[in-house]
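The structure file input-v1.csv is reproduced below (CSV, C-alpha atoms).
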chain,number,residue,atom,x,y,z
A,29,MET,CA,88.1,165.1,143.5
A,30,ALA,CA,89.7,161.8,144.2
A,31,PRO,CA,93.5,161.7,143.8
A,32,HIS,CA,93.1,159.0,141.2
A,33,ASP,CA,90.9,161.2,139.0
A,34,ALA,CA,93.4,164.1,139.3
A,35,ILE,CA,96.2,161.9,138.1
A,36,VAL,CA,94.2,160.8,135.0
A,37,ILE,CA,93.3,164.4,134.1
A,38,ALA,CA,96.9,165.5,134.4
A,39,PHE,CA,98.0,162.7,132.2
A,40,PHE,CA,95.6,163.6,129.4
A,41,LEU,CA,96.6,167.3,129.6
A,42,LEU,CA,100.2,166.3,129.2
A,43,LEU,CA,99.4,164.3,126.1
A,44,ILE,CA,97.4,167.2,124.5
A,45,SER,CA,100.2,169.7,125.1
A,46,SER,CA,102.9,167.4,123.7
A,47,SER,CA,101.0,166.8,120.5
A,48,ALA,CA,100.1,170.4,119.9
A,49,ALA,CA,103.7,171.7,120.2
A,50,PRO,CA,106.2,169.8,118.1
A,51,SER,CA,109.7,169.7,119.5
A,52,ALA,CA,112.7,171.4,117.9
A,53,HIS,CA,114.1,168.0,117.3
A,54,GLY,CA,111.1,167.0,115.2
A,55,GLN,CA,111.4,170.2,113.1
A,56,ALA,CA,115.1,169.6,112.4
A,57,ALA,CA,114.4,166.1,111.3
A,58,SER,CA,111.8,167.2,108.8
A,59,ALA,CA,114.1,169.8,107.1
A,60,PRO,CA,115.2,168.7,103.6
A,61,ALA,CA,118.8,167.5,103.3
A,62,PRO,CA,121.1,169.6,101.1
A,63,ALA,CA,121.8,168.3,97.5
A,64,PRO,CA,125.1,166.4,97.2
A,65,ALA,CA,127.9,168.2,95.4
A,66,PRO,CA,128.3,167.1,91.7
A,67,ALA,CA,131.1,164.6,91.2
A,68,PRO,CA,134.2,166.1,89.6
A,69,PRO,CA,134.7,165.1,85.9
A,70,LYS,CA,136.8,162.1,85.2
A,71,THR,CA,140.4,162.9,84.1
A,72,ILE,CA,142.0,161.2,81.1
A,73,THR,CA,144.7,159.8,83.5
A,74,ALA,CA,142.1,158.2,85.8
A,75,VAL,CA,140.2,156.7,82.8
A,76,LEU,CA,143.2,155.2,81.1
A,77,THR,CA,144.8,154.0,84.4
A,78,LYS,CA,141.6,152.2,85.3
A,79,ALA,CA,141.4,150.6,81.8
A,80,GLY,CA,144.8,149.1,82.5
A,81,GLN,CA,146.3,148.6,79.0
A,82,PHE,CA,147.4,152.1,78.0
A,83,THR,CA,150.7,152.4,79.9
A,84,LYS,CA,152.8,153.8,77.0
A,85,PHE,CA,150.1,156.3,75.9
A,86,LEU,CA,149.8,157.5,79.5
A,87,GLN,CA,153.5,158.0,79.7
A,88,LEU,CA,153.4,160.2,76.5
A,89,LEU,CA,150.4,162.1,77.8
A,90,LYS,CA,152.2,162.9,81.0
A,91,SER,CA,155.7,163.7,79.6
A,92,THR,CA,154.2,166.1,77.0
A,93,GLN,CA,151.9,167.6,79.7
A,94,GLU,CA,148.9,167.0,77.4
A,95,ALA,CA,147.1,165.2,80.2
A,96,ASP,CA,147.3,168.2,82.5
A,97,GLN,CA,146.0,170.5,79.8
A,98,ILE,CA,143.0,168.3,79.1
A,99,THR,CA,142.3,168.0,82.9
A,100,ASN,CA,142.6,171.7,83.5
A,101,GLN,CA,140.2,172.5,80.6
A,102,LEU,CA,137.7,169.9,81.7
A,103,LYS,CA,137.7,171.4,85.3
A,104,GLY,CA,137.6,175.0,84.2
A,105,LYS,CA,134.6,176.9,82.9
A,106,SER,CA,136.0,177.2,79.4
A,107,SER,CA,134.1,177.4,76.2
A,108,THR,CA,135.3,174.0,75.0
A,109,GLY,CA,132.6,171.5,74.3
A,110,GLY,CA,134.7,168.6,75.6
A,111,PHE,CA,137.4,166.3,74.3
A,112,THR,CA,137.6,163.1,72.3
A,113,VAL,CA,140.7,160.9,72.7
A,114,PHE,CA,141.7,158.1,70.4
A,115,ALA,CA,143.9,155.9,72.7
A,116,PRO,CA,146.2,153.2,71.3
A,117,PRO,CA,146.8,150.3,73.7
A,118,ASP,CA,150.2,149.0,74.6
A,119,ASN,CA,150.1,146.3,71.9
A,120,ALA,CA,149.7,149.0,69.2
A,121,PHE,CA,152.9,150.7,70.4
A,122,ALA,CA,154.7,147.3,70.5
A,123,ALA,CA,153.9,146.8,66.8
A,124,LEU,CA,155.7,149.9,65.8
A,125,PRO,CA,159.1,149.5,64.1
A,126,ALA,CA,162.1,150.2,66.4
A,127,GLY,CA,163.0,153.8,66.6
A,128,THR,CA,159.6,155.1,65.5
A,129,LEU,CA,159.2,157.2,68.7
A,130,ASN,CA,162.8,157.6,69.8
A,131,SER,CA,163.7,159.4,66.6
A,132,LEU,CA,161.2,162.2,67.5
A,133,SER,CA,162.1,165.5,69.2
A,134,ASP,CA,160.2,166.6,72.3
A,135,GLU,CA,158.1,169.0,70.1
A,136,GLN,CA,157.3,166.2,67.6
A,137,LYS,CA,156.3,163.9,70.5
A,138,THR,CA,153.9,166.6,71.7
A,139,ALA,CA,152.4,166.9,68.2
A,140,LEU,CA,152.0,163.1,68.0
A,141,VAL,CA,150.1,163.0,71.2
A,142,GLN,CA,148.0,166.0,70.3
A,143,PHE,CA,147.1,164.3,67.0
A,144,HIS,CA,145.2,161.7,69.1
A,145,VAL,CA,143.1,164.4,70.8
A,146,VAL,CA,140.1,166.1,69.2
A,147,PRO,CA,138.9,169.3,71.0
A,148,GLN,CA,135.3,168.5,70.7
A,149,LEU,CA,133.0,165.8,72.0
A,150,LEU,CA,132.3,163.1,69.4
A,151,PRO,CA,129.8,160.6,70.8
A,152,ALA,CA,129.7,157.2,69.1
A,153,ALA,CA,126.4,158.0,67.3
A,154,GLN,CA,128.2,160.9,65.5
A,155,LEU,CA,131.3,159.2,64.3
A,156,ASP,CA,129.6,158.2,61.0
A,157,THR,CA,128.5,161.7,60.3
A,158,VAL,CA,131.5,163.7,61.4
A,159,SER,CA,132.9,166.4,59.0
A,160,ASN,CA,136.3,165.4,57.6
A,161,PRO,CA,139.1,166.1,57.9
A,162,VAL,CA,138.7,166.3,61.7
A,163,ARG,CA,140.8,168.9,63.4
A,164,THR,CA,142.9,167.7,66.3
A,165,GLN,CA,145.0,169.5,68.9
A,166,ALA,CA,147.9,169.1,66.5
A,167,GLY,CA,146.4,171.8,64.3
A,168,ASP,CA,146.7,172.1,60.5
A,169,THR,CA,144.6,169.6,58.6
A,170,GLY,CA,146.0,170.4,55.2
A,171,ARG,CA,147.6,167.8,52.9
A,172,GLY,CA,151.0,166.8,54.2
A,173,LYS,CA,150.2,168.2,57.7
A,174,PHE,CA,147.8,166.6,60.3
A,175,PRO,CA,144.7,165.4,58.4
A,176,LEU,CA,142.5,162.9,60.3
A,177,ASN,CA,139.6,161.3,58.6
A,178,VAL,CA,136.9,159.3,60.5
A,179,THR,CA,134.5,157.2,58.5
A,180,SER,CA,132.3,154.1,58.9
A,181,ASP,CA,130.8,151.4,56.8
A,182,SER,CA,127.2,151.7,55.6
A,183,GLY,CA,125.8,149.9,58.7
A,184,GLY,CA,128.0,151.9,61.1
A,185,ARG,CA,129.3,148.6,62.5
A,186,GLN,CA,133.0,149.6,62.0
A,187,VAL,CA,134.5,153.0,62.4
A,188,ASN,CA,137.8,153.7,60.6
A,189,VAL,CA,140.4,156.3,61.4
A,190,SER,CA,142.8,157.3,58.6
A,191,THR,CA,145.8,159.6,58.8
A,192,GLY,CA,147.2,159.2,55.2
A,193,VAL,CA,149.9,157.0,56.6
A,194,VAL,CA,148.0,154.4,58.6
A,195,ASN,CA,144.5,153.1,58.7
A,196,ALA,CA,143.1,152.1,62.1
A,197,THR,CA,139.8,151.0,63.5
A,198,VAL,CA,137.9,152.1,66.6
A,199,ASP,CA,137.8,148.9,68.7
A,200,ASN,CA,135.6,150.0,71.6
A,201,THR,CA,134.5,152.8,73.8
A,202,VAL,CA,136.7,153.1,76.9
A,203,TYR,CA,134.8,155.9,78.6
A,204,ALA,CA,131.9,158.2,77.7
A,205,GLY,CA,131.1,161.2,79.9
A,206,GLU,CA,129.5,164.6,79.5
A,207,ARG,CA,132.7,166.3,78.4
A,208,LEU,CA,135.1,163.4,77.7
A,209,VAL,CA,134.9,160.4,75.4
A,210,VAL,CA,137.8,157.9,75.0
A,211,TYR,CA,138.0,155.4,72.2
A,212,GLN,CA,140.5,152.5,71.9
A,213,VAL,CA,142.0,152.4,68.4
A,214,SER,CA,143.9,149.5,66.8
A,215,LYS,CA,147.0,151.4,65.8
A,216,VAL,CA,149.1,154.4,66.8
A,217,LEU,CA,147.9,157.3,64.7
A,218,LEU,CA,151.0,158.4,62.8
A,219,PRO,CA,150.5,161.8,61.3
A,220,TRP,CA,151.5,162.6,57.7
A,221,ALA,CA,153.6,165.6,58.9
A,222,LEU,CA,155.9,163.3,60.9
A,223,TYR,CA,155.9,160.0,59.0
A,224,GLY,CA,154.4,160.6,55.6
A,225,PRO,CA,156.2,161.2,52.3
A,226,PRO,CA,157.1,164.6,51.0
A,227,VAL,CA,154.2,166.4,49.2
A,228,PRO,CA,155.1,167.5,45.6
A,229,PRO,CA,155.0,171.3,45.3
A,230,ALA,CA,152.0,172.7,43.5
A,231,PRO,CA,152.8,173.4,39.8
A,232,ALA,CA,153.2,177.0,38.7
A,233,PRO,CA,150.7,178.2,36.2
A,234,VAL,CA,151.9,177.9,32.6
A,235,GLY,CA,153.6,181.1,31.5
A,236,SER,CA,153.7,182.6,35.0
A,237,GLY,CA,157.5,182.8,34.9
A,238,LYS,CA,157.6,184.4,31.4
A,239,LYS,CA,159.5,187.7,31.5
A,240,LYS,CA,158.3,190.8,29.7
A,241,LYS,CA,160.2,191.5,26.5
A,242,LYS,CA,160.9,194.8,25.0
A,243,ALA,CA,158.8,195.6,21.9
A,244,ALA,CA,160.3,194.0,18.8
A,245,GLY,CA,160.4,195.5,15.4
A,246,PRO,CA,158.8,193.9,12.4
A,247,GLU,CA,162.1,192.2,11.5
A,248,ASP,CA,162.1,190.5,14.9
A,249,GLN,CA,158.5,189.4,14.9
A,250,ALA,CA,159.2,185.9,13.6
A,251,VAL,CA,161.9,185.3,16.1
A,252,GLY,CA,159.6,186.5,18.9
A,253,ASP,CA,156.9,184.1,17.9
A,254,ASP,CA,159.4,181.2,18.0
A,255,ASP,CA,160.6,182.3,21.5
A,256,ASP,CA,157.0,182.3,22.8
A,257,ALA,CA,156.4,178.9,21.5
A,258,ALA,CA,159.6,177.6,23.1
A,259,VAL,CA,158.6,179.1,26.5
A,260,GLY,CA,155.2,177.5,26.3
A,261,VAL,CA,156.8,174.1,25.6
A,262,ARG,CA,159.2,174.5,28.5
A,263,GLY,CA,156.4,175.5,30.8
A,264,GLU,CA,154.3,172.5,29.9
A,265,ALA,CA,157.3,170.2,30.4
A,266,GLU,CA,158.0,171.6,33.8
A,267,VAL,CA,154.4,171.2,34.9
A,268,GLY,CA,154.3,167.6,33.6
A,269,SER,CA,157.5,166.9,35.5
A,270,ALA,CA,156.1,168.3,38.7
A,271,TRP,CA,152.9,166.2,38.5
A,272,GLY,CA,154.8,163.2,37.3
A,273,LEU,CA,156.6,162.8,40.6
A,274,PRO,CA,155.5,159.6,42.3
A,275,PRO,CA,153.1,160.6,45.2
A,276,TRP,CA,154.7,158.1,47.5
A,277,PRO,CA,158.4,157.1,47.9
A,278,GLN,CA,159.3,153.6,46.7
A,279,ARG,CA,159.6,152.3,50.3
A,280,TYR,CA,155.9,152.8,50.8
A,281,GLY,CA,155.0,150.5,48.0
A,282,GLY,CA,152.3,152.9,46.6
A,283,GLY,CA,150.1,152.7,49.8
A,284,ALA,CA,149.9,153.7,53.4
A,285,CYS,CA,152.7,153.0,55.7
A,286,ASP,CA,152.1,149.7,57.5
A,287,VAL,CA,153.4,150.0,61.1
A,288,THR,CA,153.5,146.2,61.5
A,289,SER,CA,156.1,145.8,58.8
A,290,ASP,CA,159.9,145.7,59.5
A,291,ASP,CA,160.5,148.9,57.5
A,292,LYS,CA,160.6,152.2,59.4
A,293,CYS,CA,157.9,154.7,58.6

Spit out the file's structure as structure tokens when you get a sec.
Amino acid sequence: MAPHDAIVIAFFLLLISSSAAPSAHGQAASAPAPAPAPAPPKTITAVLTKAGQFTKFLQLLKSTQEADQITNQLKGKSSTGGFTVFAPPDNAFAALPAGTLNSLSDEQKTALVQFHVVPQLLPAAQLDTVSNPVRTQAGDTGRGKFPLNVTSDSGGRQVNVSTGVVNATVDNTVYAGERLVVYQVSKVLLPWALYGPPVPPAPAPVGSGKKKKKAAGPEDQAVGDDDDAAVGVRGEAEVGSAWGLPPWPQRYGGGACDVTSDDKC
């Protein structure tokens, strides 16, 4: 065999062997890449900082440690379904009368911030069907406490938020994630428990305060009937007086407190 033929045969044998046995490098290149780790959830602090017009609300969230609580619950595997935050911008705080916040204790400031946080996810599509009053982190939704009502017009074009003291609107959606939704509201949501008028006490049932009398003889029967009639008249007068109290103090002008006025809430 000529040397030239031997070289050609050796070359073809080399090609066949290299194609039949893939290299380790080729096997490694064909292995699937691992899936990227899921991105951590957005924190309320990061969302509002990026938005750039919620400086005062951010300060309150941090000073009351409410921001940390929301972040920890969003990161943890808790049973919560998420959070909805109604965030007032800086111009809403600037519209408050002087002393509206400074007059509050630390505990009251915490309650004010919690009143803007709902411990459930409320997407925009559900705001017009939410069950009122909405329970916030502040707790009790009873009259004179922390009731929050979210409603919308028939077309769903405008969403209103009412506290019994102020009426605000949802201006836009700042952030919408899987477990956190942040809406910008036009006013600071002042809760009734901190800024509303006193709630008149519920009237006692007529005759509930009537004392038992010892049995009267026939000669005292007429007097006893007169006494019963007098007690009934007094009871009705007391009930009428209780319900006759004006539901709002004179300084509220018969309506909700307007945070843009010069009068303090």

So that I can check the surroundings of Leu150 in chain A, please list as a ChimeraX atom specification every protein, DNA and RNA residue that reaches within 8 Å of it, counting all atoms listed in the file and ignoring chain neighbours fewer than 2 positions away.
/A:111-112,148,152,154-155,209

Quick one: distance from CA of Thr128 in chain A to CA of Leu140 in chain A in Å, one decimal?
11.3 Å

Excluding range 185-189 of chain A and any residue of its chain fewer than 2 positions from it, enumerate the residues within 9 Å of it, using only C-alpha atoms, and give them as a ChimeraX atom specification.
/A:155-156,176-183,191,194-199,213,217

Neighbours of Ala139 in chain A within 12 Å (all atoms listed in the file; same-chain residues fewer than 5 positions away dropped), as number ranges by chain?
A: 88-89, 92-94, 129, 132-134, 144-145, 164-168, 173-174, 217-222

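Take CA of Gly110 in chain A and CA of Glu135 in chain A: the distance between them is 24.0 Å.
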
12 Å contact set for Ala74 in chain A, all atoms listed in the file, chain neighbours under 2 positions out, as a PyMOL selection string:
chain A and resi 68-72+76-80+82-83+86+95-96+99+202-203+208+210

Could you check how far CA of Glu206 in chain A sits from CA of Pro161 in chain A, in Å to one decimal?
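About the pair CA of Glu206 in chain A and CA of Pro161 in chain A: they are 23.7 Å apart.
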